[in-house]
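So this block is upload_20.cif, mmCIF, C-alpha atoms and all ligand atoms:
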```
data_work
#
loop_
_atom_site.label_atom_id
_atom_site.label_comp_id
_atom_site.auth_asym_id
_atom_site.auth_seq_id
_atom_site.Cartn_x
_atom_site.Cartn_y
_atom_site.Cartn_z
CA MET A 679 128.73 142.35 113.20
CA SER A 680 128.85 139.47 110.75
CA ILE A 681 131.53 136.79 110.88
CA PRO A 682 133.80 136.40 107.81
CA THR A 683 132.98 133.88 105.07
CA THR A 684 134.94 131.10 103.41
CA GLN A 685 134.38 128.42 100.78
CA LEU A 686 133.50 124.97 102.05
CA GLY A 687 136.22 123.21 100.07
CA THR A 688 137.06 123.62 96.39
CA HIS A 689 133.66 122.25 95.36
CA GLY A 690 131.47 123.59 98.17
CA PRO A 691 129.30 126.62 98.93
CA VAL A 692 130.43 129.87 100.59
CA VAL A 693 129.58 129.81 104.31
CA GLY A 694 130.27 131.80 107.47
CA VAL A 695 133.59 130.67 108.99
CA GLN A 696 131.71 129.18 111.94
CA GLY A 697 128.63 126.99 111.66
CA LEU A 698 126.06 125.93 114.23
CA GLY A 699 125.67 122.39 115.55
CA CYS A 700 121.98 121.84 116.20
CA MET A 701 122.15 118.36 117.78
CA GLY A 702 121.85 119.47 121.42
CA MET A 703 118.64 121.35 120.62
CA SER A 704 116.86 117.98 120.49
CA GLU A 705 118.84 115.40 122.43
CA PHE A 706 121.95 114.18 124.23
CA TYR A 707 123.16 117.23 126.20
CA GLY A 708 120.52 117.80 128.87
CA PRO A 709 117.12 119.52 128.83
CA THR A 710 116.00 121.32 125.68
CA ASP A 711 114.02 124.54 125.29
CA THR A 712 112.35 124.80 121.89
CA ALA A 713 111.66 128.56 122.02
CA GLU A 714 115.27 129.39 122.92
CA ALA A 715 116.57 126.92 120.31
CA LEU A 716 114.50 128.57 117.56
CA ALA A 717 115.61 132.03 118.70
CA THR A 718 119.21 130.78 118.57
CA LEU A 719 118.78 129.70 114.95
CA ASP A 720 117.52 133.17 113.97
CA ALA A 721 120.28 134.89 115.95
CA ALA A 722 122.89 132.73 114.21
CA LEU A 723 121.82 133.90 110.78
CA ASP A 724 121.92 137.52 111.99
CA LEU A 725 125.55 136.96 113.05
CA GLY A 726 126.56 135.55 109.66
CA VAL A 727 126.41 131.87 110.60
CA THR A 728 125.05 130.09 107.52
CA LEU A 729 126.08 126.42 107.89
CA PHE A 730 123.50 124.63 110.04
CA ASP A 731 124.32 121.06 111.01
CA THR A 732 121.82 118.32 111.80
CA ALA A 733 121.44 114.57 111.17
CA ASP A 734 118.59 112.13 110.75
CA VAL A 735 119.70 110.37 113.93
CA TYR A 736 119.50 113.42 116.25
CA GLY A 737 116.34 112.90 118.26
CA SER A 738 115.49 110.13 115.78
CA GLY A 739 114.35 112.71 113.22
CA ALA A 740 113.15 115.33 115.71
CA ASN A 741 116.13 117.65 115.11
CA GLU A 742 115.45 117.80 111.37
CA GLU A 743 111.78 118.50 112.13
CA LEU A 744 112.76 121.21 114.62
CA ILE A 745 114.95 123.19 112.24
CA GLY A 746 112.80 122.57 109.12
CA PRO A 747 110.57 125.67 109.43
CA PHE A 748 113.63 127.90 110.05
CA VAL A 749 115.40 126.44 107.02
CA ARG A 750 112.35 126.91 104.80
CA ALA A 751 111.86 130.51 105.95
CA ASN A 752 115.48 131.34 105.11
CA ARG A 753 116.19 128.86 102.32
CA ASP A 754 118.40 131.19 100.25
CA GLN A 755 120.73 132.05 103.13
CA VAL A 756 120.90 128.72 104.96
CA VAL A 757 123.44 126.09 103.95
CA LEU A 758 121.71 122.98 105.23
CA ALA A 759 123.82 119.99 106.23
CA THR A 760 122.37 116.67 107.33
CA LYS A 761 123.59 113.09 107.54
CA PHE A 762 122.59 109.46 107.11
CA ALA A 763 124.02 106.10 108.13
CA ILE A 764 123.31 105.63 111.84
CA GLU A 765 120.33 103.44 112.67
CA ARG A 766 118.59 103.35 116.03
CA ARG A 767 115.97 101.10 117.59
CA ALA A 768 112.94 102.32 119.49
CA ASP A 769 113.22 99.40 121.95
CA ASP A 770 116.93 99.92 122.76
CA PRO A 771 118.11 103.53 123.24
CA THR A 772 121.78 102.48 123.30
CA TYR A 773 121.68 100.61 119.96
CA ARG A 774 123.62 102.14 117.06
CA GLY A 775 123.82 100.35 113.70
CA VAL A 776 125.60 101.62 110.59
CA ARG A 777 124.07 101.37 107.09
CA ASN A 778 125.93 102.51 103.96
CA ASP A 779 124.28 100.38 101.26
CA ALA A 780 122.84 102.12 98.21
CA ALA A 781 119.22 101.18 98.94
CA TYR A 782 119.52 102.66 102.42
CA VAL A 783 121.06 105.92 101.09
CA ARG A 784 118.11 106.38 98.72
CA THR A 785 115.54 105.77 101.47
CA ALA A 786 117.35 107.93 104.04
CA VAL A 787 117.57 111.02 101.84
CA ASP A 788 113.86 110.98 101.07
CA ALA A 789 113.04 110.65 104.77
CA SER A 790 115.31 113.61 105.63
CA LEU A 791 113.85 115.78 102.85
CA ARG A 792 110.36 114.97 104.12
CA ARG A 793 111.16 115.80 107.76
CA LEU A 794 112.95 119.01 106.78
CA GLY A 795 110.21 119.98 104.31
CA VAL A 796 112.71 121.02 101.62
CA ASP A 797 113.44 119.84 98.08
CA HIS A 798 117.21 119.68 98.45
CA ILE A 799 119.99 119.32 101.02
CA ASP A 800 123.09 121.49 100.56
CA VAL A 801 125.65 119.16 102.14
CA TYR A 802 124.75 115.49 102.62
CA TYR A 803 127.15 113.53 104.81
CA MET A 804 127.68 109.85 105.34
CA HIS A 805 127.74 109.93 109.14
CA ARG A 806 129.66 106.70 109.75
CA ARG A 807 131.46 104.15 107.61
CA ASP A 808 130.49 100.49 107.43
CA PRO A 809 133.73 98.96 106.13
CA ALA A 810 131.78 95.97 104.79
CA VAL A 811 130.17 98.21 102.12
CA PRO A 812 132.51 99.43 99.35
CA LEU A 813 132.84 103.20 99.22
CA ALA A 814 132.17 102.96 95.49
CA GLU A 815 128.66 101.76 96.35
CA SER A 816 127.82 104.29 99.07
CA VAL A 817 129.48 107.34 97.50
CA GLY A 818 128.16 106.20 94.11
CA ALA A 819 124.64 106.26 95.54
CA MET A 820 125.28 109.70 97.07
CA ALA A 821 126.51 110.95 93.67
CA GLU A 822 123.23 109.81 92.13
CA LEU A 823 121.42 112.07 94.62
CA VAL A 824 123.45 115.02 93.32
CA ARG A 825 122.48 114.14 89.75
CA ALA A 826 118.83 113.85 90.84
CA GLY A 827 118.97 117.36 92.40
CA LYS A 828 118.16 116.11 95.91
CA VAL A 829 121.62 117.00 97.21
CA ARG A 830 124.05 119.75 96.18
CA HIS A 831 127.36 118.66 97.77
CA LEU A 832 128.74 115.53 99.43
CA GLY A 833 130.45 115.12 102.77
CA LEU A 834 131.84 112.30 104.89
CA SER A 835 132.26 111.96 108.63
CA GLU A 836 134.85 109.97 110.57
CA VAL A 837 136.69 108.49 107.58
CA THR A 838 140.43 107.91 107.35
CA GLY A 839 142.73 109.70 104.90
CA ASP A 840 142.77 106.66 102.59
CA GLU A 841 138.99 106.37 102.69
CA LEU A 842 138.70 110.06 101.83
CA ARG A 843 140.92 109.62 98.77
CA GLU A 844 138.95 106.54 97.67
CA ALA A 845 135.64 108.37 98.04
CA TYR A 846 136.93 111.44 96.22
CA ALA A 847 137.83 109.28 93.24
CA VAL A 848 134.11 108.40 92.96
CA HIS A 849 132.75 111.96 93.35
CA PRO A 850 134.17 115.30 94.61
CA ILE A 851 133.74 115.69 98.36
CA ALA A 852 133.17 119.20 99.76
CA ALA A 853 133.66 118.57 103.47
CA LEU A 854 134.98 116.10 106.01
CA GLN A 855 133.27 116.36 109.38
CA SER A 856 135.14 114.71 112.23
CA GLU A 857 136.01 115.43 115.83
CA TRP A 858 138.90 117.89 116.16
CA SER A 859 139.73 119.92 119.23
CA ILE A 860 142.51 120.74 121.70
CA PHE A 861 141.68 117.37 123.36
CA SER A 862 141.09 115.22 120.23
CA ARG A 863 143.74 115.38 117.56
CA ASP A 864 143.94 111.88 116.07
CA VAL A 865 142.54 113.24 112.78
CA GLU A 866 145.79 115.13 112.26
CA GLN A 867 147.47 111.79 111.43
CA THR A 868 145.84 111.00 108.05
CA ALA A 869 142.43 112.62 107.62
CA VAL A 870 143.53 116.26 107.90
CA PRO A 871 146.50 115.88 105.50
CA ALA A 872 144.30 114.07 102.96
CA ALA A 873 141.64 116.77 103.17
CA ALA A 874 144.30 119.47 102.69
CA GLU A 875 145.71 117.62 99.67
CA LEU A 876 142.29 117.23 98.02
CA GLY A 877 140.97 120.74 98.75
CA ILE A 878 138.28 119.38 101.07
CA ALA A 879 137.12 121.62 103.92
CA PHE A 880 137.28 120.26 107.46
CA VAL A 881 134.24 120.73 109.67
CA PRO A 882 135.41 120.02 113.22
CA TYR A 883 132.59 118.66 115.36
CA SER A 884 132.70 118.86 119.16
CA PRO A 885 135.33 121.64 118.93
CA LEU A 886 134.51 122.49 122.55
CA GLY A 887 135.10 118.88 123.63
CA ARG A 888 131.33 118.50 124.11
CA GLY A 889 131.46 121.43 126.54
CA PHE A 890 134.27 120.02 128.70
CA LEU A 891 136.91 122.45 127.33
CA THR A 892 134.78 125.41 128.39
CA GLY A 893 134.87 124.39 132.05
CA ALA A 894 131.05 124.14 132.03
CA PHE A 895 131.37 120.80 133.85
CA ALA A 896 134.31 118.90 135.32
CA ALA A 897 132.85 115.39 135.73
CA ALA A 898 129.98 113.31 134.40
CA GLU A 899 128.26 113.34 137.80
CA GLN A 900 127.56 117.07 137.36
CA LEU A 901 125.40 116.33 134.31
CA SER A 902 121.72 115.41 134.32
CA ALA A 903 120.82 111.73 134.57
CA ASP A 904 119.80 111.46 130.90
CA ASP A 905 122.83 113.35 129.57
CA TYR A 906 124.61 111.18 126.98
CA ARG A 907 128.00 112.50 128.19
CA ARG A 908 127.62 110.69 131.52
CA HIS A 909 128.98 107.59 129.75
CA HIS A 910 131.81 109.37 127.93
CA PRO A 911 135.15 107.72 128.77
CA GLN A 912 136.95 111.07 129.18
CA PHE A 913 134.45 112.60 131.60
CA SER A 914 133.55 109.61 133.78
CA GLY A 915 135.28 107.46 136.38
CA PRO A 916 138.95 107.94 137.18
CA ASN A 917 139.69 109.84 133.92
CA ALA A 918 137.56 112.88 134.75
CA ALA A 919 139.70 114.58 137.42
CA GLY A 920 142.95 114.43 135.44
CA ASN A 921 141.25 115.59 132.25
CA ALA A 922 139.57 118.49 134.07
CA ALA A 923 143.01 119.62 135.25
CA LEU A 924 144.11 119.72 131.59
CA VAL A 925 141.54 122.44 130.96
CA ALA A 926 143.37 124.78 133.38
CA PRO A 927 145.87 126.15 130.81
CA ILE A 928 142.97 126.97 128.46
CA GLN A 929 141.23 128.86 131.25
CA LYS A 930 144.46 130.63 132.21
CA ILE A 931 145.02 131.87 128.65
CA ALA A 932 141.36 132.91 128.44
CA ALA A 933 141.57 134.90 131.68
CA GLY A 934 144.75 136.62 130.48
CA ARG A 935 143.03 137.67 127.25
CA GLY A 936 139.71 138.61 128.87
CA VAL A 937 137.86 136.04 126.75
CA SER A 938 136.24 132.67 127.53
CA ALA A 939 137.77 129.21 127.40
CA ALA A 940 135.28 128.33 124.64
CA GLN A 941 136.67 131.16 122.53
CA ILE A 942 140.24 129.92 123.03
CA ALA A 943 139.17 126.40 121.96
CA LEU A 944 137.55 127.75 118.78
CA ALA A 945 140.49 130.01 117.88
CA TRP A 946 142.77 126.97 118.33
CA VAL A 947 141.02 124.89 115.61
CA HIS A 948 141.24 127.77 113.16
CA GLN A 949 144.95 128.22 113.75
CA ARG A 950 145.71 124.50 113.76
CA ALA A 951 144.02 124.29 110.35
CA GLU A 952 146.26 127.08 109.07
CA VAL A 953 149.28 124.98 110.06
CA HIS A 954 147.89 122.10 107.99
CA GLY A 955 146.89 124.37 105.10
CA LEU A 956 143.18 123.67 104.89
CA THR A 957 139.87 125.47 105.43
CA VAL A 958 137.98 124.78 108.66
CA VAL A 959 134.43 125.63 109.57
CA PRO A 960 133.87 124.48 113.16
CA ILE A 961 130.30 123.79 114.23
CA PRO A 962 130.14 124.41 117.99
CA GLY A 963 126.81 123.26 119.35
CA THR A 964 124.69 125.47 121.53
CA ARG A 965 121.03 125.80 122.46
CA LYS A 966 121.42 129.38 123.70
CA ARG A 967 121.76 132.83 122.12
CA THR A 968 124.24 134.05 124.75
CA ARG A 969 126.68 131.24 123.98
CA LEU A 970 126.21 131.64 120.26
CA ALA A 971 127.26 135.30 120.51
CA GLU A 972 130.26 134.29 122.59
CA ASN A 973 131.29 131.59 120.13
CA THR A 974 130.94 133.69 116.99
CA ALA A 975 133.03 136.43 118.64
CA ALA A 976 135.91 133.91 118.58
CA ALA A 977 135.92 133.88 114.77
CA THR A 978 138.46 136.69 114.67
CA LEU A 979 140.49 135.83 117.80
CA VAL A 980 144.16 135.08 117.10
CA LEU A 981 146.31 133.21 119.63
CA THR A 982 150.00 134.03 120.02
CA SER A 983 152.66 131.42 119.31
CA ALA A 984 153.40 131.25 123.07
CA GLU A 985 149.72 130.53 123.77
CA LEU A 986 149.61 127.87 121.04
CA ALA A 987 152.76 126.28 122.48
CA GLU A 988 151.09 126.05 125.89
CA LEU A 989 148.07 124.27 124.36
CA GLU A 990 150.16 121.94 122.18
CA PRO A 991 150.90 119.13 124.69
CA ILE A 992 147.38 118.86 126.14
CA ALA A 993 145.96 116.21 123.77
CA GLY A 994 148.89 113.89 124.56
CA HIS A 995 147.86 113.77 128.24
CA VAL A 996 144.11 113.17 127.81
CA ALA A 997 143.00 109.95 129.53
CA GLY A 998 140.35 107.78 127.86
CA ASN A 999 139.11 107.45 124.29
CA ARG A 1000 136.84 109.99 122.60
CA TYR A 1001 134.22 107.23 122.11
CA ALA A 1002 133.48 104.15 124.18
CA ASP A 1003 133.61 102.16 120.93
CA MET A 1004 136.47 103.46 118.79
CA THR A 1005 135.45 101.28 115.82
CA PHE A 1006 132.85 104.06 115.41
CA THR A 1007 135.66 106.50 114.48
CA SER A 1008 138.29 106.94 111.76
CA ALA A 1009 141.03 106.32 114.36
CA GLY A 1010 139.54 102.88 114.98
CA ARG A 1011 140.37 101.89 111.37
CA GLU A 1012 143.84 103.44 111.10
N1 LIG B 1 129.63 113.90 112.74
C1 LIG B 1 129.49 113.44 113.96
O1 LIG B 1 129.68 112.26 114.21
C2 LIG B 1 129.11 114.37 115.06
C3 LIG B 1 129.25 113.96 116.40
C4 LIG B 1 128.89 114.88 117.40
C5 LIG B 1 128.41 116.14 117.07
N2 LIG B 1 128.28 116.49 115.75
C6 LIG B 1 127.80 117.83 115.36
O2 LIG B 1 128.70 118.79 115.90
C7 LIG B 1 128.00 119.74 116.68
C8 LIG B 1 128.89 120.23 117.81
O3 LIG B 1 129.39 119.17 118.59
P1 LIG B 1 128.90 118.92 120.09
O4 LIG B 1 127.61 119.59 120.32
O5 LIG B 1 129.04 117.45 120.31
O6 LIG B 1 130.04 119.53 120.99
P2 LIG B 1 130.68 120.98 121.25
O7 LIG B 1 130.26 121.93 120.23
O8 LIG B 1 132.11 120.73 121.49
O9 LIG B 1 130.04 121.36 122.66
C9 LIG B 1 128.67 121.55 122.85
C10 LIG B 1 128.43 121.76 124.33
O10 LIG B 1 129.13 122.93 124.77
C11 LIG B 1 128.22 123.84 125.37
N3 LIG B 1 128.65 125.19 124.96
C12 LIG B 1 128.56 125.74 123.73
N4 LIG B 1 129.10 126.97 123.72
C13 LIG B 1 129.53 127.20 124.97
C14 LIG B 1 130.18 128.29 125.59
N5 LIG B 1 130.51 129.39 124.91
N6 LIG B 1 130.48 128.19 126.91
C15 LIG B 1 130.18 127.09 127.61
N7 LIG B 1 129.57 126.02 127.08
C16 LIG B 1 129.25 126.06 125.76
C17 LIG B 1 126.86 123.46 124.89
O11 LIG B 1 125.87 123.73 125.86
P3 LIG B 1 124.67 124.77 125.61
O12 LIG B 1 123.80 124.17 124.56
O13 LIG B 1 124.05 124.85 126.95
O14 LIG B 1 125.32 126.06 125.18
C18 LIG B 1 126.99 121.94 124.69
O15 LIG B 1 126.74 121.27 125.90
C19 LIG B 1 126.73 119.01 117.11
O16 LIG B 1 125.70 119.92 117.45
C20 LIG B 1 126.41 118.19 115.88
O17 LIG B 1 125.73 118.97 114.92
C21 LIG B 1 128.63 115.63 114.75
#
```
Re-express the file's structure as structure tokens.
Amino acid sequence: MSIPTTQLGTHGPVVGVQGLGCMGMSEFYGPTDTAEALATLDAALDLGVTLFDTADVYGSGANEELIGPFVRANRDQVVLATKFAIERRADDPTYRGVRNDAAYVRTAVDASLRRLGVDHIDVYYMHRRDPAVPLAESVGAMAELVRAGKVRHLGLSEVTGDELREAYAVHPIAALQSEWSIFSRDVEQTAVPAAAELGIAFVPYSPLGRGFLTGAFAAAEQLSADDYRRHHPQFSGPNAAGNAALVAPIQKIAAGRGVSAAQIALAWVHQRAEVHGLTVVPIPGTRKRTRLAENTAAATLVLTSAELAELEPIAGHVAGNRYADMTFTSAGRE
């Protein structure tokens, strides 16, 4: 059975109501299995998932290279989203720089097109904002890519409501991709209302709280040594135990409905978006077909108002920030 479709904002393409985050297929969340990852991409398309999310920074280009052959083989069905702006250094795995200047935008898009092996990107996001560069410059450069045919639609990630309005005045924006989940709701302050006002779709990333909301792990120590989440403020040190206890109501509701906690977390973002009056297309990340099937089955799950009320207070009790460096997020500039 295919999931329903929706339009990715007033100016965007029609997509399945749930996308697929491909990041973990190359890096960050433990060991990767290329054969299973590629099978998961094919299975996603069979289930009606059409929005595939990557970025130049995932695996330092490896994630774009991984999904490239799949995208090319299914170019008419796939809505390809990638991102620029985060720079890394080969000699320092922890380094993250942000580049938004026009010259960088022009170089980055050509590098992504080359790695993906395609002639255009469907949704091109600015991954992070460097406040020192005027949005008129960065979004202006992105708009030039649309005119040149290299990019079809524009997106932004982790910008505030005011920044979204400023960017939109330069060129229509199809989608805002930021973290939004039962645990992380700061975007509801300004970014979500601005997106609703402008007819921009919201693409919630980490809708499963990077796996934590599913109960797959309860503390950073349970993750492999190279797992990026070992340093996450909400999963490590004294914050982990209290935050794991906050997952209990999600699991209780899931057990009562005979579904999984992941499915409850995904249904929650859809219904929270309805409250705010905007379109959402969450992009849960998975490397496995079994989890993909579970996640897409949540696309039609509807929570009761009593269940939503039980989930409502959770975010207010979460200990620790959603990033070690909050200047990396929209909340850090609000
Ligand atoms: N714009 C940005 O700044 C930004 C930041 C982060 C991520 N993203 C994008 O958003 C996507 C999703 O975010 P995310 O990967 O950080 O977090 P997420 O979707 O909240 O969680 C992914 C984690 O949950 C696990 N998982 C998935 N489905 C599950 C299920 N049904 N039951 C139990 N565990 C499950 C996955 O493991 P398995 O692989 O083992 O299933 C993975 O470890 C990424 O892939 C990436 O494309 C964007």
* **Using all atoms listed in the file: which of A:Leu891, A:Ala898, A:Ala923, A:Met679 has the shortest distance to ligand LIG 1 (chain B)** =>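 That would be A:Leu891, the residue with the smallest distance to ligand LIG 1 (chain B).
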* Asked: Counting all atoms listed in the file, what is within 10 Å of Val848 (chain A), bar same-chain residues fewer than 5 positions away, as a PyMOL selection string?
  -> chain A and resi 813-818+820-821+843
* For Gly775 (chain A), please output as a ChimeraX atom specification all residues within 12 Å (counting all atoms listed in the file; exclusion window: fewer than 5 positions along the same chain). => /A:735,762-767,770,805-808,1005-1006
Dump as a short mmCIF file (atom, residue, chain, number, x, y, z; two decimals), in the frame of the given file, selection limited to C-alpha atoms:
```
data_model
loop_
_atom_site.label_atom_id
_atom_site.label_comp_id
_atom_site.auth_asym_id
_atom_site.auth_seq_id
_atom_site.Cartn_x
_atom_site.Cartn_y
_atom_site.Cartn_z
CA VAL A 735 119.70 110.37 113.93
CA PHE A 762 122.59 109.46 107.11
CA ALA A 763 124.02 106.10 108.13
CA ILE A 764 123.31 105.63 111.84
CA GLU A 765 120.33 103.44 112.67
CA ARG A 766 118.59 103.35 116.03
CA ARG A 767 115.97 101.10 117.59
CA ASP A 770 116.93 99.92 122.76
CA HIS A 805 127.74 109.93 109.14
CA ARG A 806 129.66 106.70 109.75
CA ARG A 807 131.46 104.15 107.61
CA ASP A 808 130.49 100.49 107.43
CA THR A 1005 135.45 101.28 115.82
CA PHE A 1006 132.85 104.06 115.41
#
```
* Got a sec: who's within 7 Å of region 857-870 of chain A, counting only C-alpha atoms, leaving out chain neighbours fewer than 4 positions off, as a ChimeraX atom specification? -> /A:838-839,874,882-887,943,947,992-993,996,1009
Which residues are near Gly699 (chain A)? Cut-off 10 Å, only C-alpha atoms, ignore same chain within fewer than 6 positions. Put them as a tab-separated table (two decimals) with C-alpha atoms, in the coordinates of the input.
```
chain	number	residue	atom	x	y	z
A	729	LEU	CA	126.08	126.42	107.89
A	730	PHE	CA	123.50	124.63	110.04
A	731	ASP	CA	124.32	121.06	111.01
A	732	THR	CA	121.82	118.32	111.80
A	733	ALA	CA	121.44	114.57	111.17
A	759	ALA	CA	123.82	119.99	106.23
A	883	TYR	CA	132.59	118.66	115.36
A	884	SER	CA	132.70	118.86	119.16
A	960	PRO	CA	133.87	124.48	113.16
A	961	ILE	CA	130.30	123.79	114.23
A	962	PRO	CA	130.14	124.41	117.99
A	963	GLY	CA	126.81	123.26	119.35
A	964	THR	CA	124.69	125.47	121.53
A	965	ARG	CA	121.03	125.80	122.46
```
* **Nearest to ligand LIG 1 (chain B) by atom-to-atom distance, counting all atoms listed in the file, from A:Ser680, A:Gln949, A:Gln855, A:Thr974** =>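 The answer is A:Gln855, which sits nearest to ligand LIG 1 (chain B).
The spacing separating CA of Gly726 (chain A) from CA of Pro691 (chain A) amounts to 14.2 Å.
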* To do: Would you kindly return, as a count of residues only, each protein, DNA or RNA residue with an atom no farther than 8 Å from any atom of Gly893 (chain A), considering only C-alpha atoms and excluding same-chain residues fewer than 2 positions away?
  => 9
Can you tell me, as lines of an AutoDock Vina configuration file, the centre and edge lengths (Å, one decimal) of the axis-aligned box enclosing all of ligand LIG 1 (chain B)'s listed atoms after padding each side by 4 Å?
```
center_x = 128.0
center_y = 120.8
center_z = 120.2
size_x = 16.3
size_y = 25.1
size_z = 22.9
```
* **Two-atom distance - CA of Tyr707 (chain A), CA of Thr957 (chain A) (Å)** =>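 Rounded to one decimal, the two atoms are 27.9 Å apart.
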* Could you tell me, as JSON, numbers by chain, which residues have any atom at most 12 Å from (110.2, 127.1, 123.1), counting all atoms listed in the file? -> {"A": [703, 704, 709, 710, 711, 712, 713, 714, 715, 716, 717, 718, 744, 965, 966]}
* Asked: In Å to one decimal, how far is atom C14 of ligand LIG 1 (chain B) from CA of Arg750 (chain A)?
  -> 27.4 Å
* **Selected residue of minimal separation from Asp1003 (chain A) among A:Gly827, A:Pro911, A:Pro812, A:Gly708, counting all atoms listed in the file** => A:Pro911
* Asked: Counting all atoms listed in the file, which of A:Gln900, A:Gln941, A:Asn741, A:Thr1007 gets nearest to Ala977 (chain A)?
  ->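 Checking each of A:Gln900, A:Gln941, A:Asn741, A:Thr1007 against Ala977 (chain A), counting all atoms listed in the file, the winner is A:Gln941.
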* To do: Return the single residue from A:Leu979, A:Val695, A:Leu725, A:Leu794 that is closest to Gly739 (chain A), with distances computed using only C-alpha atoms.
  =>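 Looking at the shortest contact to Gly739 (chain A), the residue is A:Leu794.
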* Asked: Of the residues A:Val796, A:Met1004, A:Ala894, A:Ile878, which is the one nearest to ligand LIG 1 (chain B), using only C-alpha atoms and all ligand atoms?
  -> A:Ala894
Using the partial input, fill out region 960-972 of chain A with N, CA and C atoms; write the result as a short mmCIF file (atom, residue, chain, number, x, y, z; two decimals), in the coordinates of the input.
```
data_model
loop_
_atom_site.label_atom_id
_atom_site.label_comp_id
_atom_site.auth_asym_id
_atom_site.auth_seq_id
_atom_site.Cartn_x
_atom_site.Cartn_y
_atom_site.Cartn_z
N PRO A 960 134.36 125.21 111.99
CA PRO A 960 133.87 124.48 113.16
C PRO A 960 132.39 124.71 113.38
N ILE A 961 131.75 123.70 113.98
CA ILE A 961 130.30 123.79 114.23
C ILE A 961 130.01 123.61 115.71
N PRO A 962 130.46 124.55 116.57
CA PRO A 962 130.14 124.41 117.99
C PRO A 962 128.64 124.30 118.18
N GLY A 963 128.24 123.44 119.10
CA GLY A 963 126.81 123.26 119.35
C GLY A 963 126.37 124.10 120.53
N THR A 964 125.28 124.79 120.38
CA THR A 964 124.69 125.47 121.53
C THR A 964 123.19 125.61 121.34
N ARG A 965 122.49 125.64 122.48
CA ARG A 965 121.03 125.80 122.46
C ARG A 965 120.66 127.22 122.86
N LYS A 966 121.70 128.07 123.07
CA LYS A 966 121.42 129.38 123.70
C LYS A 966 122.03 130.54 122.92
N ARG A 967 121.28 131.65 122.84
CA ARG A 967 121.76 132.83 122.12
C ARG A 967 123.02 133.42 122.75
N THR A 968 123.08 133.43 124.08
CA THR A 968 124.24 134.05 124.75
C THR A 968 125.52 133.34 124.34
N ARG A 969 125.47 132.00 124.32
CA ARG A 969 126.68 131.24 123.98
C ARG A 969 127.02 131.36 122.50
N LEU A 970 125.98 131.46 121.70
CA LEU A 970 126.21 131.64 120.26
C LEU A 970 126.99 132.93 120.01
N ALA A 971 126.57 134.00 120.68
CA ALA A 971 127.26 135.30 120.51
C ALA A 971 128.70 135.19 120.97
N GLU A 972 128.90 134.48 122.07
CA GLU A 972 130.26 134.29 122.59
C GLU A 972 131.11 133.51 121.59
#
```
